[in-house]
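Shown next: my_file.txt, given as compact mmCIF, C-alpha atoms.
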# COMPACT_ATOMS: atom_id res chain seq x y z
CA MET D 1 179.94 -18.98 157.97
CA THR D 2 179.59 -22.41 159.60
CA THR D 3 175.83 -21.99 159.83
CA LYS D 4 175.64 -20.92 156.18
CA ILE D 5 177.66 -23.93 155.06
CA LEU D 6 175.49 -26.31 157.12
CA ILE D 7 172.28 -24.86 155.65
CA TRP D 8 173.52 -25.09 152.07
CA MET D 9 174.97 -28.57 152.67
CA PHE D 10 171.62 -29.83 153.99
CA ALA D 11 169.81 -28.16 151.08
CA GLY D 12 172.15 -29.94 148.63
CA LEU D 13 171.57 -33.29 150.35
CA VAL D 14 167.76 -32.88 150.20
CA LEU D 15 167.70 -31.64 146.59
CA GLY D 16 170.11 -34.36 145.43
CA SER D 17 168.08 -37.09 147.16
CA LEU D 18 164.85 -35.78 145.60
CA ILE D 19 166.45 -35.76 142.14
CA ASN D 20 167.67 -39.32 142.67
CA ALA D 21 164.23 -40.47 143.79
CA PHE D 22 162.01 -38.68 141.25
CA ALA D 23 164.08 -37.30 138.37
CA GLN D 24 166.60 -39.99 137.45
CA ASP D 25 164.98 -40.43 134.02
CA ILE D 26 164.46 -36.74 133.25
CA ALA D 27 167.24 -35.96 130.77
CA PHE D 28 166.95 -32.18 131.14
CA ILE D 29 167.66 -32.26 134.90
CA GLN D 30 170.44 -34.84 134.57
CA ILE D 31 172.23 -33.03 131.72
CA TYR D 32 171.83 -29.39 132.74
CA PHE D 33 171.80 -29.66 136.53
CA VAL D 34 173.45 -32.86 137.82
CA GLN D 35 176.13 -33.18 135.12
CA GLY D 36 175.98 -29.49 134.24
CA LEU D 37 175.56 -26.83 136.94
CA PHE D 38 176.27 -28.99 140.02
CA HIS D 39 179.23 -30.72 138.38
CA VAL D 40 180.83 -27.49 137.16
CA VAL D 41 180.35 -25.50 140.39
CA GLY D 42 181.45 -28.42 142.59
CA THR D 43 184.52 -29.21 140.48
CA VAL D 44 185.56 -25.55 140.28
CA PHE D 45 185.26 -25.31 144.08
CA ILE D 46 187.40 -28.44 144.60
CA ASN D 47 189.97 -27.10 142.12
CA LEU D 48 190.09 -23.80 144.01
CA LEU D 49 190.90 -25.67 147.22
CA LYS D 50 193.48 -27.89 145.52
CA MET D 51 195.00 -24.80 143.89
CA LEU D 52 195.85 -23.48 147.36
CA VAL D 53 197.39 -26.67 148.77
CA VAL D 54 200.89 -26.80 147.26
CA PRO D 55 201.86 -23.10 147.57
CA LEU D 56 200.28 -22.82 151.02
CA VAL D 57 202.05 -25.92 152.36
CA THR D 58 205.35 -24.82 150.79
CA PHE D 59 205.37 -21.23 152.09
CA SER D 60 203.90 -22.15 155.46
CA LEU D 61 206.37 -25.01 156.00
CA VAL D 62 209.37 -22.79 155.15
CA CYS D 63 208.06 -20.17 157.61
CA GLY D 64 207.45 -22.86 160.24
CA VAL D 65 210.89 -24.46 160.01
CA CYS D 66 212.65 -21.09 159.99
CA GLY D 67 210.43 -19.98 162.88
CA ILE D 68 211.53 -22.98 164.97
CA GLY D 69 215.16 -22.19 164.18
CA ASP D 70 216.30 -25.37 165.96
CA ILE D 71 216.72 -28.54 163.90
CA ASN D 72 216.60 -30.73 167.04
CA LYS D 73 213.22 -29.28 167.98
CA LEU D 74 211.93 -29.92 164.45
CA GLY D 75 212.94 -33.58 164.75
CA ARG D 76 211.27 -33.82 168.14
CA VAL D 77 208.01 -32.41 166.76
CA GLY D 78 208.10 -34.84 163.81
CA ILE D 79 208.73 -37.91 166.00
CA LYS D 80 205.94 -36.95 168.43
CA ALA D 81 203.46 -36.41 165.59
CA PHE D 82 204.45 -39.66 163.81
CA PHE D 83 203.95 -41.91 166.86
CA LEU D 84 200.75 -40.14 167.90
CA PHE D 85 199.31 -40.72 164.40
CA LEU D 86 200.19 -44.42 164.68
CA LEU D 87 198.59 -44.55 168.16
CA THR D 88 195.31 -43.03 166.95
CA THR D 89 195.25 -45.45 163.97
CA ALA D 90 195.70 -48.43 166.30
CA LEU D 91 192.99 -47.14 168.67
CA ALA D 92 190.64 -46.47 165.75
CA ILE D 93 190.79 -49.99 164.28
CA SER D 94 190.65 -51.62 167.73
CA LEU D 95 187.47 -49.67 168.51
CA ALA D 96 186.05 -50.62 165.09
CA ILE D 97 186.63 -54.34 165.68
CA ILE D 98 185.19 -54.28 169.23
CA VAL D 99 182.02 -52.40 168.18
CA SER D 100 181.56 -54.53 165.04
CA ILE D 101 181.83 -57.80 166.97
CA SER D 102 179.20 -56.46 169.39
CA ILE D 103 176.81 -55.33 166.62
CA GLY D 104 177.51 -58.23 164.23
CA PRO D 105 176.91 -56.54 160.82
CA GLY D 106 176.51 -58.96 157.91
CA LYS D 107 175.10 -61.95 159.83
CA SER D 108 171.71 -61.69 158.11
CA PHE D 109 173.08 -60.44 154.77
CA ASP D 110 171.69 -62.25 151.71
CA LEU D 111 174.67 -63.10 149.53
CA SER D 112 172.71 -63.50 146.30
CA PRO D 113 174.49 -63.84 142.93
CA THR D 114 173.25 -60.37 141.92
CA SER D 115 174.99 -58.80 144.92
CA GLN D 116 178.36 -60.17 143.85
CA SER D 117 180.52 -58.38 141.34
CA GLU D 118 184.09 -58.72 140.26
CA PHE D 119 186.72 -56.83 142.21
CA ILE D 120 190.34 -56.61 141.19
CA ALA D 121 192.55 -55.74 144.14
CA PRO D 122 195.10 -53.02 143.44
CA GLU D 123 198.68 -54.09 143.98
CA ALA D 124 200.48 -52.59 146.97
CA PRO D 125 203.92 -51.17 146.25
CA PRO D 126 206.81 -52.73 148.24
CA LEU D 127 208.01 -50.77 151.27
CA THR D 128 211.40 -50.26 149.60
CA GLN D 129 209.71 -48.43 146.71
CA VAL D 130 207.67 -46.28 149.09
CA LEU D 131 210.89 -45.23 150.87
CA ILE D 132 212.59 -44.48 147.53
CA ASP D 133 209.58 -42.43 146.41
CA LEU D 134 209.91 -40.18 149.47
CA VAL D 135 212.82 -38.43 147.76
CA PRO D 136 211.82 -36.60 144.55
CA ASP D 137 214.15 -37.11 141.59
CA ASN D 138 212.53 -34.00 140.10
CA PRO D 139 211.16 -31.48 142.65
CA VAL D 140 209.35 -29.54 139.92
CA ALA D 141 207.45 -32.71 138.93
CA ALA D 142 206.60 -33.38 142.60
CA PHE D 143 205.12 -29.88 142.94
CA ALA D 144 203.27 -30.19 139.62
CA GLU D 145 201.74 -33.56 140.58
CA GLY D 146 200.96 -32.51 144.17
CA ASN D 147 202.92 -35.41 145.71
CA MET D 148 202.66 -34.28 149.33
CA LEU D 149 205.35 -36.49 150.90
CA GLN D 150 207.90 -35.47 148.27
CA ILE D 151 206.90 -31.80 148.61
CA ILE D 152 207.28 -31.98 152.41
CA PHE D 153 210.69 -33.69 152.08
CA PHE D 154 212.06 -31.12 149.61
CA THR D 155 210.60 -28.10 151.43
CA LEU D 156 211.96 -29.28 154.80
CA LEU D 157 215.43 -29.75 153.30
CA PHE D 158 215.24 -26.35 151.57
CA ALA D 159 214.13 -24.59 154.78
CA ILE D 160 216.85 -26.29 156.86
CA CYS D 161 219.49 -25.13 154.37
CA LEU D 162 218.06 -21.59 154.59
CA LEU D 163 218.74 -21.73 158.32
CA MET D 164 222.24 -23.10 157.73
CA ILE D 165 223.35 -20.17 155.55
CA GLY D 166 222.37 -17.70 158.28
CA GLU D 167 221.72 -14.03 157.51
CA ARG D 168 222.16 -14.51 153.77
CA GLY D 169 218.90 -16.49 153.77
CA ARG D 170 216.98 -13.80 155.68
CA PRO D 171 215.64 -11.97 152.54
CA ILE D 172 214.18 -15.26 151.23
CA ILE D 173 212.60 -16.01 154.62
CA ASP D 174 211.07 -12.51 154.81
CA SER D 175 209.66 -12.84 151.29
CA THR D 176 208.24 -16.28 152.10
CA GLU D 177 206.46 -14.88 155.18
CA LYS D 178 204.80 -12.23 153.01
CA LEU D 179 203.79 -14.87 150.45
CA ASN D 180 202.36 -17.00 153.26
CA GLU D 181 200.18 -14.07 154.35
CA VAL D 182 198.91 -13.71 150.78
CA MET D 183 198.04 -17.44 150.68
CA MET D 184 196.12 -17.17 153.97
CA GLN D 185 194.14 -14.29 152.49
CA LEU D 186 193.42 -16.46 149.44
CA VAL D 187 192.03 -19.11 151.80
CA ASN D 188 189.67 -16.48 153.24
CA VAL D 189 188.51 -15.51 149.75
CA VAL D 190 187.81 -19.13 148.77
CA MET D 191 185.98 -19.74 152.06
CA SER D 192 183.65 -16.83 151.30
CA ILE D 193 182.12 -18.82 148.40
CA ALA D 194 182.24 -22.14 150.24
CA PRO D 195 178.47 -22.54 150.94
CA TYR D 196 177.65 -22.61 147.23
CA GLY D 197 180.47 -25.03 146.40
CA VAL D 198 179.39 -27.34 149.22
CA PHE D 199 175.77 -27.19 148.00
CA ALA D 200 176.79 -28.23 144.47
CA LEU D 201 178.99 -31.09 145.71
CA MET D 202 176.27 -32.49 147.98
CA ALA D 203 173.53 -32.11 145.37
CA LYS D 204 175.55 -33.98 142.73
CA THR D 205 176.70 -36.74 145.11
CA PHE D 206 173.22 -37.56 146.40
CA ALA D 207 171.59 -37.11 142.98
CA MET D 208 173.88 -39.86 141.67
CA GLN D 209 174.16 -42.09 144.77
CA GLY D 210 170.83 -41.59 146.55
CA LEU D 211 169.94 -42.59 150.09
CA GLY D 212 168.33 -45.81 148.84
CA LEU D 213 171.76 -47.27 148.14
CA ILE D 214 172.34 -47.53 151.89
CA LEU D 215 169.35 -49.80 152.67
CA PRO D 216 170.78 -53.22 151.65
CA MET D 217 174.01 -52.38 153.50
CA ILE D 218 172.42 -50.67 156.50
CA GLY D 219 174.19 -52.92 159.04
CA TYR D 220 177.66 -52.23 157.65
CA PHE D 221 176.92 -48.56 156.98
CA GLY D 222 175.49 -48.00 160.46
CA ALA D 223 178.40 -49.75 162.18
CA VAL D 224 180.99 -47.62 160.35
CA VAL D 225 179.09 -44.40 161.14
CA ILE D 226 178.77 -45.32 164.84
CA VAL D 227 182.50 -46.07 165.17
CA LEU D 228 183.51 -42.93 163.25
CA ILE D 229 181.39 -40.76 165.56
CA CYS D 230 182.65 -42.56 168.69
CA HIS D 231 186.27 -42.13 167.60
CA ALA D 232 185.92 -38.45 166.69
CA THR D 233 183.94 -37.43 169.78
CA GLY D 234 185.30 -40.05 172.20
CA THR D 235 188.76 -41.52 171.63
CA LEU D 236 190.33 -38.41 170.08
CA MET D 237 188.75 -36.11 172.66
CA VAL D 238 190.03 -38.27 175.55
CA LEU D 239 193.55 -38.06 174.07
CA LEU D 240 193.12 -34.30 173.68
CA LYS D 241 192.09 -33.93 177.31
CA LEU D 242 194.73 -36.27 178.76
CA LEU D 243 197.74 -35.39 176.60
CA GLY D 244 196.90 -31.83 175.56
CA ARG D 245 195.01 -30.64 178.66
CA ILE D 246 192.56 -28.94 176.29
CA ASN D 247 188.78 -28.44 176.50
CA PRO D 248 187.33 -30.90 173.91
CA VAL D 249 184.01 -29.01 173.62
CA GLN D 250 185.75 -25.77 172.64
CA PHE D 251 187.93 -27.74 170.21
CA LEU D 252 184.95 -29.34 168.47
CA LYS D 253 183.18 -25.99 168.16
CA LYS D 254 186.20 -24.51 166.39
CA MET D 255 186.64 -27.57 164.14
CA ARG D 256 183.13 -27.49 162.65
CA THR D 257 184.00 -25.55 159.51
CA ALA D 258 187.01 -27.74 158.68
CA GLN D 259 184.94 -30.88 159.31
CA ILE D 260 182.20 -29.67 156.97
CA PHE D 261 184.77 -28.89 154.27
CA ALA D 262 186.29 -32.36 154.69
CA PHE D 263 182.85 -34.00 154.58
CA SER D 264 181.80 -32.22 151.39
CA THR D 265 185.11 -32.60 149.53
CA SER D 266 186.03 -36.16 150.68
CA SER D 267 189.69 -35.11 150.45
CA SER D 268 192.10 -34.49 153.33
CA ASN D 269 194.55 -32.87 150.93
CA ALA D 270 191.95 -30.48 149.51
CA THR D 271 191.00 -29.53 153.09
CA ILE D 272 194.62 -28.73 154.13
CA PRO D 273 194.19 -24.94 153.64
CA ILE D 274 191.12 -24.91 155.89
CA THR D 275 192.64 -27.24 158.51
CA LEU D 276 195.82 -25.15 158.57
CA ARG D 277 193.86 -21.90 158.91
CA THR D 278 191.71 -23.43 161.68
CA ALA D 279 194.75 -24.70 163.62
CA GLU D 280 196.59 -21.37 163.41
CA LYS D 281 193.88 -18.70 163.50
CA ARG D 282 191.08 -20.45 165.44
CA MET D 283 193.08 -22.75 167.78
CA GLY D 284 196.15 -20.58 168.30
CA VAL D 285 198.74 -23.16 167.20
CA ASP D 286 202.03 -21.57 166.18
CA ASN D 287 202.78 -21.73 162.45
CA SER D 288 206.05 -23.55 163.14
CA THR D 289 204.10 -26.59 164.43
CA ALA D 290 200.90 -26.43 162.37
CA SER D 291 202.65 -25.99 159.01
CA PHE D 292 204.51 -29.29 159.48
CA ILE D 293 201.97 -31.56 161.22
CA VAL D 294 198.80 -30.68 159.23
CA PRO D 295 200.11 -31.64 155.74
CA PHE D 296 202.02 -34.58 157.27
CA GLY D 297 198.83 -35.83 158.92
CA ALA D 298 196.76 -35.34 155.76
CA THR D 299 199.16 -37.77 154.06
CA ILE D 300 199.72 -40.50 156.67
CA ASN D 301 196.81 -40.23 159.14
CA MET D 302 194.51 -43.19 158.43
CA ASP D 303 192.01 -43.17 161.32
CA GLY D 304 188.90 -43.17 159.12
CA THR D 305 190.33 -45.76 156.73
CA ALA D 306 191.39 -47.96 159.67
CA ILE D 307 187.84 -47.85 161.05
CA MET D 308 186.45 -48.87 157.65
CA GLN D 309 188.92 -51.79 157.55
CA GLY D 310 187.98 -53.00 161.02
CA VAL D 311 184.24 -52.96 160.35
CA ALA D 312 184.68 -54.37 156.82
CA THR D 313 186.74 -57.29 158.15
CA VAL D 314 184.03 -58.30 160.63
CA PHE D 315 181.26 -57.67 158.06
CA ILE D 316 182.83 -59.78 155.28
CA ALA D 317 183.72 -62.55 157.76
CA ASN D 318 180.05 -62.68 158.86
CA VAL D 319 178.74 -62.56 155.27
CA TYR D 320 180.90 -65.51 154.19
CA GLY D 321 180.51 -67.38 157.49
CA ILE D 322 184.23 -67.32 158.30
CA GLU D 323 185.26 -67.47 161.96
CA LEU D 324 188.09 -65.13 162.94
CA GLY D 325 190.00 -65.64 166.19
CA LEU D 326 191.81 -63.23 168.50
CA THR D 327 195.06 -63.77 166.60
CA ASP D 328 193.35 -62.81 163.33
CA TYR D 329 191.98 -59.59 164.81
CA LEU D 330 195.38 -58.67 166.30
CA THR D 331 196.84 -59.30 162.84
CA VAL D 332 194.27 -56.90 161.34
CA VAL D 333 195.25 -54.20 163.87
CA GLY D 334 198.97 -54.68 163.22
CA MET D 335 198.57 -54.83 159.45
CA SER D 336 196.49 -51.65 159.37
CA VAL D 337 199.03 -49.68 161.42
CA LEU D 338 201.96 -50.92 159.32
CA ALA D 339 200.07 -50.42 156.05
CA SER D 340 199.28 -46.82 157.02
CA ILE D 341 203.04 -46.20 156.99
CA GLY D 342 203.91 -48.34 153.98
CA THR D 343 201.21 -47.01 151.66
CA ALA D 344 201.20 -43.33 152.70
CA GLY D 345 200.70 -41.07 149.73
CA VAL D 346 199.81 -43.95 147.37
CA PRO D 347 196.63 -43.42 145.26
CA GLY D 348 193.74 -45.71 146.24
CA VAL D 349 195.37 -46.34 149.60
CA GLY D 350 192.14 -47.46 151.31
CA LEU D 351 191.44 -50.32 148.91
CA ILE D 352 195.11 -51.37 148.84
CA MET D 353 195.19 -51.56 152.64
CA LEU D 354 191.89 -53.46 152.78
CA ALA D 355 193.03 -55.98 150.15
CA MET D 356 196.27 -56.55 152.10
CA VAL D 357 194.36 -57.09 155.36
CA PHE D 358 191.85 -59.50 153.77
CA SER D 359 194.61 -61.57 152.17
CA GLN D 360 196.50 -61.78 155.45
CA VAL D 361 193.56 -63.19 157.46
CA GLY D 362 192.17 -65.41 154.69
CA LEU D 363 189.05 -63.43 153.73
CA PRO D 364 187.93 -63.38 150.08
CA VAL D 365 189.23 -60.16 148.49
CA GLU D 366 186.27 -60.12 146.09
CA GLY D 367 184.11 -59.31 149.13
CA ILE D 368 185.35 -55.72 148.85
CA ALA D 369 182.99 -55.33 145.88
CA LEU D 370 180.05 -55.59 148.30
CA ILE D 371 181.02 -52.50 150.26
CA MET D 372 182.16 -50.32 147.36
CA GLY D 373 178.60 -49.14 146.61
CA VAL D 374 178.28 -47.18 149.86
CA ASP D 375 181.97 -46.34 150.15
CA ARG D 376 181.59 -42.92 148.49
CA LEU D 377 179.14 -41.75 151.16
CA LEU D 378 181.24 -43.22 153.99
CA ASP D 379 184.36 -41.62 152.52
CA MET D 380 182.85 -38.22 153.30
CA LEU D 381 182.55 -39.10 156.99
CA ARG D 382 185.96 -40.80 157.06
CA THR D 383 187.63 -37.66 155.74
CA ALA D 384 185.96 -35.50 158.41
CA VAL D 385 187.31 -37.87 161.08
CA ASN D 386 190.79 -37.86 159.52
CA VAL D 387 190.88 -34.05 159.50
CA THR D 388 189.73 -34.00 163.14
CA GLY D 389 192.57 -36.38 164.00
CA ASP D 390 195.09 -34.17 162.18
CA ALA D 391 194.00 -31.15 164.23
CA VAL D 392 193.95 -33.09 167.52
CA ILE D 393 197.56 -34.28 167.10
CA THR D 394 198.61 -30.78 165.97
CA VAL D 395 197.16 -29.23 169.14
CA ILE D 396 198.60 -31.94 171.43
CA VAL D 397 202.11 -31.56 170.00
CA ALA D 398 201.85 -27.75 170.04
CA ARG D 399 200.77 -27.85 173.69
CA SER D 400 203.72 -30.11 174.59
CA GLU D 401 206.12 -27.72 172.82
CA ASP D 402 204.51 -24.62 174.37
CA ASN D 403 203.51 -23.47 170.88
CA LEU D 404 199.80 -23.04 171.62
CA SER D 405 198.24 -19.69 172.54
CA MET D 406 195.55 -20.48 175.13
CA ASP D 407 194.20 -16.92 174.81
CA VAL D 408 193.41 -17.56 171.15
CA PHE D 409 192.08 -21.06 171.85
CA ASN D 410 189.73 -19.86 174.60
CA ASP D 411 188.45 -16.94 172.49
CA PRO D 412 185.28 -18.20 170.71
CA SER D 413 185.51 -15.53 167.99
CA ALA D 414 189.24 -15.85 167.28
CA GLY D 415 189.91 -16.30 163.57
CA THR D 416 186.26 -16.26 162.49
CA LEU D 417 185.67 -15.28 158.90
CA SER D 418 183.46 -12.38 159.97
CA SER D 419 186.59 -10.65 161.27
CA VAL D 420 188.26 -10.82 157.85
CA GLN D 421 188.51 -7.41 156.23
CA PHE D 422 188.65 -7.06 152.48
CA PRO D 423 190.48 -3.79 151.75
CA ASN D 424 189.00 -1.31 149.31
CA PRO D 425 191.02 -0.84 146.14
CA PRO D 426 193.02 2.39 146.07
CA THR D 427 191.36 5.26 144.24
CA GLN D 428 193.20 6.53 141.21
CA LYS D 429 194.00 10.20 140.97
CA LYS D 430 192.94 11.89 137.79

Starting from the file, lay out its structure as structure tokens.
Amino acid sequence: MTTKILIWMFAGLVLGSLINAFAQDIAFIQIYFVQGLFHVVGTVFINLLKMLVVPLVTFSLVCGVCGIGDINKLGRVGIKAFFLFLLTTALAISLAIIVSISIGPGKSFDLSPTSQSEFIAPEAPPLTQVLIDLVPDNPVAAFAEGNMLQIIFFTLLFAICLLMIGERGRPIIDSTEKLNEVMMQLVNVVMSIAPYGVFALMAKTFAMQGLGLILPMIGYFGAVVIVLICHATGTLMVLLKLLGRINPVQFLKKMRTAQIFAFSTSSSNATIPITLRTAEKRMGVDNSTASFIVPFGATINMDGTAIMQGVATVFIANVYGIELGLTDYLTVVGMSVLASIGTAGVPGVGLIMLAMVFSQVGLPVEGIALIMGVDRLLDMLRTAVNVTGDAVITVIVARSEDNLSMDVFNDPSAGTLSSVQFPNPPTQKK
């Protein structure tokens, strides 16, 4: 399945780039393929993934909490995950700043009037409002809108109360476990058509964006890509080895499918079903740990965004000829870590965080307009790194809580889609 997805993803990239280079003015191709076939197939595929998120997180989280059975252990898992996510965010932006200072992107950038465009910074909500918004005033609305933090809060509270009423809650727990199995089977069904959805998404993205868009921003683009790769294959893997005592090579092999999904969809939330399935079926993480940390991480884990902020800060400072000192860079690190908490679950979180960081260190906020052109392509890579970080922290915490099956983790074929059996429908008697 991973090989199929990679082949179709590469085919979509090549076809989209060719359309962008040679068929931008051909109305037939633009209307019937780019905005027609590719748009419809890609959007339907994204919707299928999003369709799974809320019920899967809900049922899986109820099963996980009830499987733990101990409220103290649940709190311990949550605290470990929270501080590890903050640690990886701090390491990510520190690495981004160090590499960017070494490379120096933006020093030779030509800031011509045509390269400047107006940018209006989105307003960040106050921390008090973010805390208030954690608690849904209408749970049905939270589920309908897909507000992950509110869904997690309500589901955790619901599951804890199920435990508190004892045996009377057992029928609900048993039913939820059956529903969770159905949702996992739905994930398998959606994954079976993944190569074609990924192809359509890549073809449309590169038909509209094109590889030529990268050339004027090659310094910034290259620096972000280098840091993202270093963080995913270096920093996170060192943490995995030191804290989780896990083989990083085996981990990366098992993460490939989830990373490809994240890359093609550019959405951590849309990738939750695949990340959750990978953590449980491929890695061997117990549902009680995975069902809580994966959706939590998809909401607050900002490694990729933090890397973009670090590189963007150095890039814009070089473009405008502004000298930043050690105190300024430490401020950027601190602001990014705090902003990742204070803006979790807020739409447009990346731009809000970047605007806050720029304002704090005295960089022109309108400089964000320069990097927005290539941000869509970088967002694909950022999401893959974020999903990798979610899985790393899930495995580390599971290992510390003895909730990781090493037999499953060390089995290369564990949880592969080829082992999924689709039952034949029962024959009707005449």

**Report entry** Contacts of region 312-318 of chain D at 10 Å (all atoms listed in the file; same-chain gap of 5+ positions) as a PyMOL selection string
**Finding:** chain D and resi 96-101+103-109+219-221+223-224+306-307+323-324+329+332+354+357-358+361-368+370-371

**Report entry** Selection: 7 Å around region 265-275 of chain D, all atoms listed in the file, excl. self and same-chain fewer than 2 positions, as a PyMOL selection string
**Finding:** chain D and resi 46+49-50+52-53+56+187+258+261-263+277-279+294-295+298+379-380+383+387

**Report entry** Residues near region 78-90 of chain D, cut-off 10 Å, all atoms listed in the file, skip fewer than 2 positions along chain, as a ChimeraX atom specification
**Finding:** /D:72-76,92-96,231,235-236,239,289,292-294,296-297,300-307,332-338,340-341,386,389-390,392-394,396-398,400

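As for CA of Gly325 (chain D) and CA of Gly310 (chain D), they are spaced 13.8 Å apart.
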
Report task. To one decimal in Å, tell me the separation between CA of Met217 (chain D) and CA of Gln309 (chain D). Result ->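 Calculated distance between CA of Met217 (chain D) and CA of Gln309 (chain D) is 15.5 Å.
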
Hey, could you pull the box centre and edge lengths for region 148-160 of chain D, axis-aligned, 3 Å padding per side, all listed atoms, to one decimal in Å, as lines of an AutoDock Vina configuration file?
center_x = 209.8
center_y = -30.5
center_z = 152.6
size_x = 20.2
size_y = 17.9
size_z = 14.6

Requested in this report: Could you check which of D:Gly197, D:Phe59, D:Asp286, D:Leu330 is closest to Thr176 (chain D), using only C-alpha atoms?
Outcome: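 Of D:Gly197, D:Phe59, D:Asp286, D:Leu330, the one nearest Thr176 (chain D), counting only C-alpha atoms, is D:Phe59.
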
Query raised in the report: CA of Ala200 (chain D) to CA of Gln35 (chain D): how many Å, to one decimal?
Result: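 Between CA of Ala200 (chain D) and CA of Gln35 (chain D) the gap is 10.6 Å.
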
Query - Thr58 (chain D) surroundings by only C-alpha atoms, 10 Å radius, close-in-sequence under 6 positions cut, as a ChimeraX atom specification - result: /D:64,143,148,151-152,154-156,159,176,180,291-292,295

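The shortest atom-to-atom distance to Met356 (chain D), with all atoms listed in the file taken into account, belongs to D:Thr331 out of D:Phe22, D:Leu378, D:Thr331, D:Ile29.
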
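Shortest atom-to-atom contact with Lys4 (chain D) among D:Met308, D:Ile193, D:Leu215, D:Val319: D:Ile193, counting only C-alpha atoms.
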
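Closest approach to Ile71 (chain D) among D:Thr327, D:Gln24, D:Ser288, D:Thr388 is made by D:Ser288 (distances from all atoms listed in the file).
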
Query - Minimum-distance residue to Thr257 (chain D), chosen among D:Met191, D:Val57, D:Ala144, D:Leu48 (using all atoms listed in the file) - result: D:Met191

Requested in this report: Determine the nearest neighbour of Gly244 (chain D) from the options D:Val311, D:Val395, D:Met208, D:Ala141, counting all atoms listed in the file.
Outcome: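 Under the stated criterion, the closest residue is D:Val395.
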